[in-house]
Structures are given as structure tokens and as C-alpha cells.
Amino acid sequence: MREHGSWGRWMVMVFVGLILTVGTAWSADTIVLGTAMSQTGKYAREGKFYVDAYQMTVDAVNKAGGVKVGGKAYKLELKMYDDQSDPNLCVRLYTRLVTSDKVNFLLGPYSSGITIPASSVSEKYEIPMIQGGGASGQIFSRGYKYIFGTLPKAEFYFLSAVAAAASLNPPVKTAALVYSNEAFDRSVAEGSRQLLKDYKIEKVYDEEYQPATQDFTSILAVIKSKNPDLILLAGHVENSLNFIRQAQAQDVSPKMWVFTVGPPTADFRKTLGKPADYAYGVTPWLEDMEVGGEIFKSAREFGKQFKERFGYEADYHVASGAADVLAYKFAIEKANSLDPKKVRDALAGLDVETLYGRVKFEQTGQIAMGQVLIQIQDGKLVPVYAAGKFISKALYPMPKWGERK
């Protein structure tokens with residue numbers, strides 16, 4: 001009986017050992033990047049861009065030989081949960097990624113409103129988080145050391161748009177500002193007020209709406225009565241889509257309108273069809289930009305590979321998500337370590353060229369990058385203004401709905 005008992009105890013020990021080995025086997029030869037991304041809920045449309053970008057870039061890095069540390073090649077692995085577009089759930093999932101899943105590093109969620117609380121988990125456990133889904137200044141103004149972002153500052157999102165508007169003939173003289181009360185959009189609005197003042201454009205309307213708003217008819221009615229030359233709308237894709245559809249129904253047609261999110265995305269243009277024409281958007285990245293680097297030699301090559309794999313065109317959300325993964329590769333190799341603090345320091349000093357452009361973080365952790373003003377012309381994206389000058393002809397003023405071909 002004693003021999004049977006010893007045998008039984010030995011078998012239990014072996015079984016437990018096997019469980020532990022299986023549970024941690026990936027850590028010996030892999031670097032695990034953990035994320036909670038909106039795959040369902042109100043941000044699912046945008047969340048998909050990052051899901052696809054993260055996976056494609058992880059695969060590309062692995063195919064190219066992985067990440068070199070101490071003479072050893074590591075494969076990247078992605079551990080992903082669905083945060084259901086819920087900030088509270090997102091915080092719990094990131095806590096799980098760090099404490100239970102024991103991931104090495106964190107990739108961010110989508111939206112500033114979710115990134116703000118999620119990044120507190122990163123800071124608490126001193127594990128870097130790189131994210132391309134949140135641009136609000138609130139993310140980077142808290143003195144955190146472990147959060148890094150690859151989107152330009154929300155406060156300057158409309159800089160190229162306002163600068164271009166002031167230079168058009170005839171110049172824009174009045175503007176309406178409409179924004180949701182989410183963190184990103186409030187930051188955009190705050191910066192836009194100062195931009196309008198700097199460029200001597202009179203703000204005749206300034207209104208906040210709830211993020212879930214689908215009915216803009218009352219807002220549009222007031223805007224129509226104010227008759228501004230320019231409309232600036234800060235919101236997510238669904239907000240932009242509904243605003244344009246209802247503006248058409250109410251025959252609201254300013255000389256120029258610009259949207260923070262939507263126009264650069266192929267899905268936006270496909271969903272709206274011809275009514276999308278003449279709309280302006282802003283983007284830090286376009287597929288025909290002359291940028292590139294290791295893994296993806298050019299933006300064009302990246303865009304081609306992405307469309308072949310996923311069946312839709314990459315936009316700046318996708319490119320920034322890819323840059324997040326690449327930043328880890330370069331920072332880990334620069335640190336020559338998997339130690340989170342050493343990788344964090346390497347990220348703070350990173351300066352590399354990528355398919356997304358130059359990835360160099362400011363002291364706050366946010367990237368220093370400008371925006372290109374684009375316009376939808378006959379269903380295609382046309383870059384019209386960047387770095388203080390027009391680079392192609394803007395179709396201006398926007399014709400009235402009844403005068404469109």
C-alpha cells in the first residue's frame with residue numbers, strides 16, 4: 001500500500017509538473033504581447049483594424065526571424081481578449097493579462113476613453129503599453145512612464161484642416177465645432193478652439209453631443225441657421241456617417257467640412273458612396289507615402305500585403321497598430337533584454353523608420369507626427385494639404401447637394 005501511495009504521489013507530481021510546463025512552455029522561446037481590443041460593441045468597426053494589424057505584424061516579424069535577444073531568436077505571440085468596448089471590462093482584462101497570463105508586454109485598446117483607465121494597469125505593474133488607438137492629451141499628461149502612443153496629438157488633429165481653410169479662396173471665415181463628450185473628441189475640440197482663434201476664423205457654433213448619438217437633426221438645424229463656411233466634427237465613424245446622411249436630408253452644405261475619423265477609411269467611403277465626395281479628413285499615414293523600414297520595406301508593400309490577406313485597404317489605424325508591434329521588436333532588441341524596465345527605457349529613446357514613418361516618442365510618451373489633410377474626390381483619397389502648403393487641388397467650395405453630379 002505504501003508503494004502504491006508513493007507511486008500515486010509521484011504520478012501527481014509528474015502531472016502537476018506537466019501542467020506547469022504546458023502553461024509556461026511558450027515563455028521559453030516566445031515573447032507574448034497581450035491586448036484587450038474591441039471586437040464587439042460600439043468600437044468593433046475600428047477595433048478590427050487593430051486586431052488585423054497586430055496579427056499580421058506579429059506573423060511578419062516571426063517570418064523574418066523573430067526578435068533577437070542575447071543571441072537568441074524569440075517568436076512573438078499575441079494574447080488577445082475582447083473588451084466589448086467596455087472600459088471597466090478592459091481594465092479587468094489587462095489586469096488578467098499581467099497577473100494571470102503573465103504576458104511580457106502590452107499592446108493598447110481602441111479609443112482614448114478606454115486607453116486612459118487601461119494604461120493605469122500598465123503603470124501600476126510597470127509593464128510597457130504601446131497603443132495606436134488613443135490620442136487624447138489626458139493619456140499622456142499624467143506623468144506616466146510606461147504608456148507610449150503612435151497617434152498624433154488630438155489637440156492638433158485639425159491643424160492642417162484649419163490652416164488650409166484659412167488659405168483657400170475665398171478663405172473660410174466662420175466655423176461650427178461639433179464633438180462628442182469622449183476624451184479624444186473633447187481634446188480635439190479644445191485644440192480646435194485655439195486653432196480657429198489663431199487663424200482668425202470666427203466660431204459661430206460650439207456643441208457637444210453624446211457618443212451614442214445617432215440623430216443629429218436638431219444640431220444640424222441650428223448649424224443651418226448659422227450657415228458656417230466650415231464644419232469640424234470630432235467623433236467616431238458611426239457619428240460621421242450619420243451626420244453626413246442627415247445633413248444631406250436637411251440640405252446642410254457648408255463650403256467645407258472635416259471629420260476626425262472616417263474619410264481615410266475605405267469602409268467609410270464604400271458605406272456612404274457618392275455622398276462621401278468632397279468630405280475632408282486627416283491622417284498621419286497614406287499608403288503612397290515614401291516611408292518604410294525593416295520587416296515592411298515600404299508603406300505600399302505593407303498596404304498590398306494587408307489587402308491581399310484581409311480584403312480591405314489599410315488606413316492609419318492599421319498602420320499605427322503595425323507600428324506598435326514593430327516598436328516592441330526594435331526596443332527589445334535595443335535593450336537586448338526582456339526586462340520591462342529596460343525595454344521601457346529603450347522605447348523612450350527609440351528613433352526608427354517604419355512603414356508608418358518615423359517612430360520617435362516625446363518625453364510624454366506620445367509620438368511627434370503631423371497630419372495630412374485629405375479629401376474624397378470621386379470616391380478616391382486625395383492628399384491636399386500638409387506641412388503648411390497645398391500639395392494638390394482641393395475641390396472647394398463644396399457644391400450644394402442639389403448641384404452635385
# chains A, B, ... in the order shown; residues from 1 in each chain; ligands from 1
call {"tool": "closest_atom_pairs", "arguments": {"of": "segment 116-195 of chain A", "to": "segment 226-244 of chain A", "cutoff": "10 Å", "atoms": "only C-alpha atoms", "output": "JSON lines"}}
result
{"residue": "A:Ala154", "atom": "CA", "partner": "A:Ala234", "partner_atom": "CA", "distance": 9.9}
{"residue": "A:Tyr157", "atom": "CA", "partner": "A:Ala234", "partner_atom": "CA", "distance": 9.4}
{"residue": "A:Phe158", "atom": "CA", "partner": "A:Leu232", "partner_atom": "CA", "distance": 8.1}
{"residue": "A:Ala161", "atom": "CA", "partner": "A:Leu232", "partner_atom": "CA", "distance": 8.9}
{"residue": "A:Val162", "atom": "CA", "partner": "A:Leu230", "partner_atom": "CA", "distance": 9.1}
{"residue": "A:Ala165", "atom": "CA", "partner": "A:Leu230", "partner_atom": "CA", "distance": 8.0}
{"residue": "A:Pro171", "atom": "CA", "partner": "A:Asp229", "partner_atom": "CA", "distance": 8.9}
{"residue": "A:Val172", "atom": "CA", "partner": "A:Asp229", "partner_atom": "CA", "distance": 5.7}
{"residue": "A:Lys173", "atom": "CA", "partner": "A:Asp229", "partner_atom": "CA", "distance": 6.5}
{"residue": "A:Thr174", "atom": "CA", "partner": "A:Pro228", "partner_atom": "CA", "distance": 5.1}
{"residue": "A:Ala175", "atom": "CA", "partner": "A:Leu230", "partner_atom": "CA", "distance": 4.5}
{"residue": "A:Ala176", "atom": "CA", "partner": "A:Ile231", "partner_atom": "CA", "distance": 4.8}
{"residue": "A:Leu177", "atom": "CA", "partner": "A:Leu232", "partner_atom": "CA", "distance": 5.0}
{"residue": "A:Val178", "atom": "CA", "partner": "A:Leu233", "partner_atom": "CA", "distance": 4.9}
{"residue": "A:Tyr179", "atom": "CA", "partner": "A:Ala234", "partner_atom": "CA", "distance": 4.5}
{"residue": "A:Ser180", "atom": "CA", "partner": "A:Gly235", "partner_atom": "CA", "distance": 5.8}
{"residue": "A:Asn181", "atom": "CA", "partner": "A:Gly235", "partner_atom": "CA", "distance": 9.0}
{"residue": "A:Glu182", "atom": "CA", "partner": "A:Gly235", "partner_atom": "CA", "distance": 8.4}
{"residue": "A:Phe184", "atom": "CA", "partner": "A:Gly235", "partner_atom": "CA", "distance": 8.4}
{"residue": "A:Asp185", "atom": "CA", "partner": "A:Ala234", "partner_atom": "CA", "distance": 5.3}
{"residue": "A:Arg186", "atom": "CA", "partner": "A:Ala234", "partner_atom": "CA", "distance": 8.2}
{"residue": "A:Ser187", "atom": "CA", "partner": "A:Ala234", "partner_atom": "CA", "distance": 9.4}
{"residue": "A:Val188", "atom": "CA", "partner": "A:Ala234", "partner_atom": "CA", "distance": 6.8}
{"residue": "A:Ala189", "atom": "CA", "partner": "A:Ala234", "partner_atom": "CA", "distance": 7.3}
{"residue": "A:Ser192", "atom": "CA", "partner": "A:Leu232", "partner_atom": "CA", "distance": 8.6}
call {"tool": "write_last_selection", "arguments": {"atoms": "N, CA and C atoms", "output": "PDB file, in the first residue's frame"}}
result
ATOM      1  N   ALA A 154      -4.237  64.735 -30.202  1.00  0.00           N
ATOM      2  CA  ALA A 154      -5.626  65.044 -30.548  1.00  0.00           C
ATOM      3  C   ALA A 154      -5.849  66.554 -30.653  1.00  0.00           C
ATOM      4  N   TYR A 157      -5.274  67.684 -34.142  1.00  0.00           N
ATOM      5  CA  TYR A 157      -5.827  66.884 -35.237  1.00  0.00           C
ATOM      6  C   TYR A 157      -6.296  67.743 -36.403  1.00  0.00           C
ATOM      7  N   PHE A 158      -6.893  68.885 -36.097  1.00  0.00           N
ATOM      8  CA  PHE A 158      -7.452  69.728 -37.157  1.00  0.00           C
ATOM      9  C   PHE A 158      -6.511  70.852 -37.592  1.00  0.00           C
ATOM     10  N   ALA A 161      -6.263  71.101 -41.332  1.00  0.00           N
ATOM     11  CA  ALA A 161      -7.566  71.484 -41.883  1.00  0.00           C
ATOM     12  C   ALA A 161      -7.831  72.977 -41.709  1.00  0.00           C
ATOM     13  N   VAL A 162      -7.575  73.486 -40.517  1.00  0.00           N
ATOM     14  CA  VAL A 162      -7.834  74.899 -40.240  1.00  0.00           C
ATOM     15  C   VAL A 162      -6.844  75.780 -41.009  1.00  0.00           C
ATOM     16  N   ALA A 165      -8.007  75.816 -44.573  1.00  0.00           N
ATOM     17  CA  ALA A 165      -9.251  76.585 -44.699  1.00  0.00           C
ATOM     18  C   ALA A 165      -8.975  78.082 -44.750  1.00  0.00           C
ATOM     19  N   PRO A 171     -11.339  82.575 -48.563  1.00  0.00           N
ATOM     20  CA  PRO A 171     -10.976  81.951 -47.290  1.00  0.00           C
ATOM     21  C   PRO A 171     -12.199  81.674 -46.422  1.00  0.00           C
ATOM     22  N   VAL A 172     -12.093  80.660 -45.619  1.00  0.00           N
ATOM     23  CA  VAL A 172     -13.143  80.344 -44.651  1.00  0.00           C
ATOM     24  C   VAL A 172     -13.122  81.400 -43.550  1.00  0.00           C
ATOM     25  N   LYS A 173     -14.299  81.926 -43.216  1.00  0.00           N
ATOM     26  CA  LYS A 173     -14.373  82.984 -42.205  1.00  0.00           C
ATOM     27  C   LYS A 173     -15.116  82.573 -40.942  1.00  0.00           C
ATOM     28  N   THR A 174     -16.047  81.600 -41.066  1.00  0.00           N
ATOM     29  CA  THR A 174     -16.827  81.165 -39.901  1.00  0.00           C
ATOM     30  C   THR A 174     -16.817  79.647 -39.802  1.00  0.00           C
ATOM     31  N   ALA A 175     -16.954  79.158 -38.571  1.00  0.00           N
ATOM     32  CA  ALA A 175     -16.880  77.703 -38.380  1.00  0.00           C
ATOM     33  C   ALA A 175     -17.829  77.238 -37.289  1.00  0.00           C
ATOM     34  N   ALA A 176     -18.304  75.993 -37.435  1.00  0.00           N
ATOM     35  CA  ALA A 176     -19.089  75.301 -36.410  1.00  0.00           C
ATOM     36  C   ALA A 176     -18.258  74.126 -35.912  1.00  0.00           C
ATOM     37  N   LEU A 177     -18.203  73.963 -34.600  1.00  0.00           N
ATOM     38  CA  LEU A 177     -17.437  72.881 -33.975  1.00  0.00           C
ATOM     39  C   LEU A 177     -18.409  71.954 -33.261  1.00  0.00           C
ATOM     40  N   VAL A 178     -18.385  70.677 -33.631  1.00  0.00           N
ATOM     41  CA  VAL A 178     -19.284  69.671 -33.051  1.00  0.00           C
ATOM     42  C   VAL A 178     -18.423  68.494 -32.615  1.00  0.00           C
ATOM     43  N   TYR A 179     -18.638  68.024 -31.386  1.00  0.00           N
ATOM     44  CA  TYR A 179     -17.761  66.980 -30.848  1.00  0.00           C
ATOM     45  C   TYR A 179     -18.496  66.164 -29.785  1.00  0.00           C
ATOM     46  N   SER A 180     -18.115  64.906 -29.658  1.00  0.00           N
ATOM     47  CA  SER A 180     -18.714  64.063 -28.617  1.00  0.00           C
ATOM     48  C   SER A 180     -18.026  64.361 -27.288  1.00  0.00           C
ATOM     49  N   ASN A 181     -18.650  63.931 -26.201  1.00  0.00           N
ATOM     50  CA  ASN A 181     -18.061  64.222 -24.893  1.00  0.00           C
ATOM     51  C   ASN A 181     -17.098  63.133 -24.427  1.00  0.00           C
ATOM     52  N   GLU A 182     -16.546  62.351 -25.369  1.00  0.00           N
ATOM     53  CA  GLU A 182     -15.489  61.408 -25.022  1.00  0.00           C
ATOM     54  C   GLU A 182     -14.149  62.138 -24.944  1.00  0.00           C
ATOM     55  N   PHE A 184     -11.117  61.767 -26.293  1.00  0.00           N
ATOM     56  CA  PHE A 184     -10.435  62.147 -27.531  1.00  0.00           C
ATOM     57  C   PHE A 184     -11.096  63.357 -28.173  1.00  0.00           C
ATOM     58  N   ASP A 185     -12.409  63.310 -28.311  1.00  0.00           N
ATOM     59  CA  ASP A 185     -13.121  64.377 -29.015  1.00  0.00           C
ATOM     60  C   ASP A 185     -13.098  65.687 -28.236  1.00  0.00           C
ATOM     61  N   ARG A 186     -13.143  65.603 -26.905  1.00  0.00           N
ATOM     62  CA  ARG A 186     -13.010  66.828 -26.107  1.00  0.00           C
ATOM     63  C   ARG A 186     -11.629  67.449 -26.293  1.00  0.00           C
ATOM     64  N   SER A 187     -10.601  66.592 -26.392  1.00  0.00           N
ATOM     65  CA  SER A 187      -9.244  67.107 -26.628  1.00  0.00           C
ATOM     66  C   SER A 187      -9.144  67.775 -28.000  1.00  0.00           C
ATOM     67  N   VAL A 188      -9.760  67.146 -29.011  1.00  0.00           N
ATOM     68  CA  VAL A 188      -9.786  67.739 -30.345  1.00  0.00           C
ATOM     69  C   VAL A 188     -10.464  69.100 -30.295  1.00  0.00           C
ATOM     70  N   ALA A 189     -11.604  69.169 -29.615  1.00  0.00           N
ATOM     71  CA  ALA A 189     -12.355  70.427 -29.531  1.00  0.00           C
ATOM     72  C   ALA A 189     -11.552  71.511 -28.822  1.00  0.00           C
ATOM     73  N   SER A 192      -8.992  72.728 -31.184  1.00  0.00           N
ATOM     74  CA  SER A 192      -9.587  73.395 -32.348  1.00  0.00           C
ATOM     75  C   SER A 192     -10.025  74.819 -32.025  1.00  0.00           C
TER      76      SER A 192
END
call {"tool": "residues_around", "arguments": {"residues": "Tyr74 of chain A", "least_positions_apart": "3", "cutoff": "6 Å", "atoms": "only C-alpha atoms", "output": "list in words"}}
result
Asp29, Thr30, Gly66 and Val67 of chain A
call {"tool": "select_by_dssp", "arguments": {"residues": "segment 195-377 of chain A", "states": "strand (DSSP E or B)", "output": "PyMOL selection string"}}
result
chain A and resi 202-209+230-234+256-259+280-283+351-354+357-361+366-367+372-377
call {"tool": "atom_distance", "arguments": {"atom1": "atom CA of Phe310 of chain A", "atom2": "atom CA of Gln131 of chain A"}}
result
21.3 Å
call {"tool": "closest_residue", "arguments": {"among": "A:Val261, A:Ser392, A:Glu208, A:Ala331", "to": "Lys360 of chain A", "atoms": "only C-alpha atoms"}}
result
A:Ala331
call {"tool": "closest_atom_pairs", "arguments": {"of": "segment 211-307 of chain A", "to": "segment 40-63 of chain A", "cutoff": "12 Å", "atoms": "only C-alpha atoms", "output": "tab-separated table"}}
result
residue	atom	partner	partner_atom	distance
A:Pro211	CA	A:Lys42	CA	9.6
A:Ala212	CA	A:Lys42	CA	8.4
A:Thr213	CA	A:Lys42	CA	11.6
A:Gly235	CA	A:Tyr43	CA	11.6
A:His236	CA	A:Tyr43	CA	8.4
A:Val237	CA	A:Glu46	CA	8.1
A:Glu238	CA	A:Lys42	CA	8.8
A:Asn239	CA	A:Lys42	CA	11.0
A:Val261	CA	A:Glu46	CA	9.7
A:Gly262	CA	A:Glu46	CA	9.9
A:Thr265	CA	A:Glu46	CA	9.8
A:Ala266	CA	A:Phe49	CA	11.6
A:Asp267	CA	A:Arg45	CA	9.3
A:Phe268	CA	A:Arg45	CA	10.4
A:Glu294	CA	A:Val61	CA	9.3
A:Ile295	CA	A:Val61	CA	6.5
A:Phe296	CA	A:Ala60	CA	8.3
A:Lys297	CA	A:Ala60	CA	11.7
A:Phe302	CA	A:Thr57	CA	9.6
A:Gly303	CA	A:Ala53	CA	10.7
A:Gln305	CA	A:Met56	CA	9.0
A:Phe306	CA	A:Met56	CA	7.6
A:Lys307	CA	A:Asp52	CA	10.6
call {"tool": "write_last_selection", "arguments": {"atoms": "N, CA and C atoms", "output": "mmCIF file, in the first residue's frame"}}
result
data_model
loop_
_atom_site.group_PDB
_atom_site.id
_atom_site.type_symbol
_atom_site.label_atom_id
_atom_site.label_comp_id
_atom_site.auth_asym_id
_atom_site.auth_seq_id
_atom_site.Cartn_x
_atom_site.Cartn_y
_atom_site.Cartn_z
ATOM 1 N N PRO A 211 -21.721 60.302 -27.255
ATOM 2 C CA PRO A 211 -21.082 59.408 -28.232
ATOM 3 C C PRO A 211 -22.058 58.476 -28.943
ATOM 4 N N ALA A 212 -23.122 58.082 -28.244
ATOM 5 C CA ALA A 212 -24.085 57.152 -28.845
ATOM 6 C C ALA A 212 -25.111 57.853 -29.726
ATOM 7 N N THR A 213 -24.985 59.156 -29.893
ATOM 8 C CA THR A 213 -25.946 59.924 -30.693
ATOM 9 C C THR A 213 -26.031 59.398 -32.125
ATOM 10 N N GLY A 235 -15.599 62.843 -33.799
ATOM 11 C CA GLY A 235 -16.392 61.699 -33.367
ATOM 12 C C GLY A 235 -15.861 60.442 -34.021
ATOM 13 N N HIS A 236 -16.550 59.345 -33.816
ATOM 14 C CA HIS A 236 -16.128 58.084 -34.410
ATOM 15 C C HIS A 236 -16.860 57.861 -35.739
ATOM 16 N N VAL A 237 -16.578 56.749 -36.376
ATOM 17 C CA VAL A 237 -17.057 56.518 -37.739
ATOM 18 C C VAL A 237 -18.575 56.623 -37.839
ATOM 19 N N GLU A 238 -19.279 55.967 -36.923
ATOM 20 C CA GLU A 238 -20.749 55.988 -36.984
ATOM 21 C C GLU A 238 -21.291 57.400 -36.844
ATOM 22 N N ASN A 239 -20.650 58.214 -36.006
ATOM 23 C CA ASN A 239 -21.084 59.606 -35.865
ATOM 24 C C ASN A 239 -20.940 60.348 -37.184
ATOM 25 N N VAL A 261 -12.557 61.110 -37.893
ATOM 26 C CA VAL A 261 -12.490 59.681 -38.222
ATOM 27 C C VAL A 261 -13.500 59.385 -39.328
ATOM 28 N N GLY A 262 -13.077 58.600 -40.291
ATOM 29 C CA GLY A 262 -13.997 58.188 -41.343
ATOM 30 C C GLY A 262 -13.429 58.313 -42.737
ATOM 31 N N THR A 265 -10.815 55.993 -44.358
ATOM 32 C CA THR A 265 -11.103 54.562 -44.292
ATOM 33 C C THR A 265 -11.949 54.110 -45.485
ATOM 34 N N ALA A 266 -11.521 53.049 -46.144
ATOM 35 C CA ALA A 266 -12.228 52.554 -47.333
ATOM 36 C C ALA A 266 -13.666 52.167 -47.006
ATOM 37 N N ASP A 267 -13.891 51.596 -45.835
ATOM 38 C CA ASP A 267 -15.234 51.180 -45.442
ATOM 39 C C ASP A 267 -16.182 52.374 -45.357
ATOM 40 N N PHE A 268 -15.666 53.502 -44.890
ATOM 41 C CA PHE A 268 -16.460 54.734 -44.796
ATOM 42 C C PHE A 268 -16.919 55.166 -46.185
ATOM 43 N N GLU A 294 12.586 48.127 -41.785
ATOM 44 C CA GLU A 294 12.725 46.692 -41.601
ATOM 45 C C GLU A 294 11.345 46.025 -41.510
ATOM 46 N N ILE A 295 11.240 44.796 -41.946
ATOM 47 C CA ILE A 295 10.030 43.972 -41.981
ATOM 48 C C ILE A 295 9.152 44.351 -43.176
ATOM 49 N N PHE A 296 8.643 45.590 -43.194
ATOM 50 C CA PHE A 296 7.886 46.080 -44.350
ATOM 51 C C PHE A 296 8.713 47.184 -45.004
ATOM 52 N N LYS A 297 9.173 46.927 -46.216
ATOM 53 C CA LYS A 297 10.126 47.828 -46.852
ATOM 54 C C LYS A 297 9.512 49.163 -47.256
ATOM 55 N N PHE A 302 3.363 47.227 -47.514
ATOM 56 C CA PHE A 302 2.519 46.871 -46.376
ATOM 57 C C PHE A 302 1.054 46.875 -46.774
ATOM 58 N N GLY A 303 0.629 47.948 -47.455
ATOM 59 C CA GLY A 303 -0.763 48.057 -47.874
ATOM 60 C C GLY A 303 -1.180 46.928 -48.796
ATOM 61 N N GLN A 305 0.166 43.838 -48.987
ATOM 62 C CA GLN A 305 0.089 42.595 -48.227
ATOM 63 C C GLN A 305 -1.166 42.564 -47.356
ATOM 64 N N PHE A 306 -1.481 43.703 -46.770
ATOM 65 C CA PHE A 306 -2.639 43.759 -45.882
ATOM 66 C C PHE A 306 -3.927 43.498 -46.650
ATOM 67 N N LYS A 307 -4.074 44.151 -47.796
ATOM 68 C CA LYS A 307 -5.303 43.969 -48.575
ATOM 69 C C LYS A 307 -5.418 42.545 -49.098
#
call {"tool": "select_by_dssp", "arguments": {"residues": "segment 64-233 of chain A", "states": "helix (DSSP H, G or I)", "output": "VMD selection string"}}
result
chain A and resid 87 to 99 112 to 125 137 to 140 154 to 156 159 to 167 183 to 198 217 to 226
call {"tool": "write_last_selection", "arguments": {"atoms": "C-alpha atoms", "output": "CSV table (one decimal), in the first residue's frame"}}
result
chain,number,residue,atom,x,y,z
A,87,PRO,CA,-13.6,50.4,-20.2
A,88,ASN,CA,-14.3,48.6,-16.9
A,89,LEU,CA,-14.1,45.2,-18.6
A,90,CYS,CA,-11.0,46.3,-20.4
A,91,VAL,CA,-9.2,47.2,-17.1
A,92,ARG,CA,-10.1,43.7,-15.7
A,93,LEU,CA,-8.8,42.0,-18.8
A,94,TYR,CA,-5.5,43.9,-18.7
A,95,THR,CA,-5.1,43.0,-15.1
A,96,ARG,CA,-5.7,39.4,-16.0
A,97,LEU,CA,-3.1,39.6,-18.8
A,98,VAL,CA,-0.5,40.9,-16.4
A,99,THR,CA,-1.2,38.9,-13.2
A,112,SER,CA,-8.9,57.3,-25.7
A,113,GLY,CA,-11.8,56.7,-23.2
A,114,ILE,CA,-10.7,53.1,-22.8
A,115,THR,CA,-7.0,53.7,-23.1
A,116,ILE,CA,-6.9,56.2,-20.2
A,117,PRO,CA,-8.0,53.6,-17.5
A,118,ALA,CA,-6.3,50.7,-19.2
A,119,SER,CA,-3.0,52.4,-19.2
A,120,SER,CA,-3.2,52.7,-15.4
A,121,VAL,CA,-2.8,48.9,-15.2
A,122,SER,CA,0.4,49.2,-17.3
A,123,GLU,CA,1.7,51.9,-15.0
A,124,LYS,CA,0.7,50.0,-11.8
A,125,TYR,CA,2.6,46.9,-12.8
A,137,GLY,CA,-3.7,64.5,-24.2
A,138,GLN,CA,-5.2,63.1,-21.0
A,139,ILE,CA,-3.5,59.8,-21.7
A,140,PHE,CA,-0.1,61.5,-21.7
A,154,ALA,CA,-5.6,65.0,-30.5
A,155,GLU,CA,-5.4,68.8,-29.8
A,156,PHE,CA,-3.7,69.3,-33.2
A,159,LEU,CA,-4.3,71.9,-37.6
A,160,SER,CA,-3.8,71.1,-41.3
A,161,ALA,CA,-7.6,71.5,-41.9
A,162,VAL,CA,-7.8,74.9,-40.2
A,163,ALA,CA,-4.6,76.1,-41.8
A,164,ALA,CA,-5.8,75.0,-45.3
A,165,ALA,CA,-9.3,76.6,-44.7
A,166,ALA,CA,-7.7,80.0,-43.9
A,167,SER,CA,-5.7,79.8,-47.1
A,183,ALA,CA,-11.9,62.1,-24.0
A,184,PHE,CA,-10.4,62.1,-27.5
A,185,ASP,CA,-13.1,64.4,-29.0
A,186,ARG,CA,-13.0,66.8,-26.1
A,187,SER,CA,-9.2,67.1,-26.6
A,188,VAL,CA,-9.8,67.7,-30.3
A,189,ALA,CA,-12.4,70.4,-29.5
A,190,GLU,CA,-10.1,72.1,-27.0
A,191,GLY,CA,-7.3,72.3,-29.5
A,192,SER,CA,-9.6,73.4,-32.3
A,193,ARG,CA,-10.9,76.4,-30.4
A,194,GLN,CA,-7.4,77.7,-30.2
A,195,LEU,CA,-6.6,76.9,-33.8
A,196,LEU,CA,-9.7,78.8,-35.0
A,197,LYS,CA,-8.6,81.8,-32.9
A,198,ASP,CA,-5.1,81.6,-34.2
A,217,THR,CA,-31.2,66.7,-36.8
A,218,SER,CA,-31.5,69.3,-34.0
A,219,ILE,CA,-27.8,70.1,-34.2
A,220,LEU,CA,-28.0,70.4,-38.0
A,221,ALA,CA,-31.0,72.6,-37.8
A,222,VAL,CA,-29.1,75.1,-35.7
A,223,ILE,CA,-26.0,74.8,-37.9
A,224,LYS,CA,-28.1,75.5,-40.9
A,225,SER,CA,-29.4,78.7,-39.3
A,226,LYS,CA,-25.8,79.8,-38.5
call {"tool": "residues_around", "arguments": {"residues": "Val384 of chain A", "least_positions_apart": "3", "cutoff": "6 Å", "atoms": "only C-alpha atoms", "output": "number ranges by chain"}}
result
A: 373-374, 390-392, 394
call {"tool": "write_last_selection", "arguments": {"atoms": "C-alpha atoms", "output": "PDB file, in the first residue's frame"}}
result
ATOM      1  CA  LEU A 373      -5.454  66.850 -44.873  1.00  0.00           C
ATOM      2  CA  ILE A 374      -7.134  64.569 -47.390  1.00  0.00           C
ATOM      3  CA  PHE A 390      -1.183  72.663 -50.637  1.00  0.00           C
ATOM      4  CA  ILE A 391       0.096  69.550 -52.391  1.00  0.00           C
ATOM      5  CA  SER A 392      -2.856  69.157 -54.761  1.00  0.00           C
ATOM      6  CA  ALA A 394      -8.908  70.950 -53.188  1.00  0.00           C
TER       7      ALA A 394
END
